[in-house]
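Worksheet for the structure shown next.
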Amino acid sequence: MMTQNKGNSQRQIRTSILCLICACTVLLSGCSKAANETTQVTPTPTTEATAPAATNSATEQPNTSSGTNTEGLPAGVSVKRVIKEVALKDGYHKKIELLTDGGKRVTITDATQKIVLQQIEYDGKITTSNGKQVTVKVEGGGEQSITIPDHVVIEDEDMLGLMPGVDIEWTVNAEGQIESVELED
């Protein structure tokens, strides 16, 4: 009777381990497939001669037309380089460009290359503030003075306020208007 119980418990342990291995394999294969679909890098068609596109999933690519695409950018600001280009679902395309003022321009286009969304994201640290007028040291850029419009709600979960030393993120739309502001510790 003891050997029969011992055999049953060993069989149960082996079955449990096999089920655990199968479950992990299924989970891991599903995760890697989704990651490959969303991080696929595609070459950008240009009229200039370019080097062949890399076949790996590198997220940084040199921008061959640096500074020439200034549509929707503030005066005196140009594109330093393309940080990332990603093919999204249904023919949509996302492009993130680093700007000379430290901002990141995010452009999403549809399958016909029509711009669906274009905005500039900034990160920095508040150096001075006077009400809703704030001077910010932008990461990777210089100082910028911004005035936060009254209709924009400032996301401030930690109740930090517009104080010097507080990290700030803000988004500017294609018309140059601030759309969102977030404060972080």
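Just remember, in the structure tokens the first chain shown is A, the second B, etc., residues are 1-based per chain, and ligands are 1-based in the order shown.
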
Shell around Ala111 (chain A) at 12 Å using only C-alpha atoms, local window under 2 positions removed, as a ChimeraX atom specification
/A:87-94,108-109,113-116

CA of Glu97 (chain A) to CA of Lys137 (chain A): how many Å, to one decimal?
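Distance reported for this atom pair: 19.4 Å.
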
Could you pull out the strand (DSSP E) residues of region 75-179 of chain A, going by DSSP on the backbone, and write them as a PyMOL selection string?
chain A and resi 79-87+93-99+104-109+115-130+133-138+143-147+154-155+167-173+178-179

Find the spatial neighbours of Leu183 (chain A), counting only C-alpha atoms, within a cut-off of 7 Å - ignore same-chain residues fewer than 3 positions away - and output them as a PyMOL selection string.
chain A and resi 155-156+166-169

Between A:Val77, A:Glu179, A:Asn173, A:Gln12, which has the minimum distance to Leu117 (chain A) (counting only C-alpha atoms)?
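Answer, going by the shortest atom-to-atom distance: A:Asn173.
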
Residue contacts of Glu157 (chain A) (10 Å, only C-alpha atoms) excluding same-chain residues fewer than 6 positions away, as a PyMOL selection string
chain A and resi 182-185
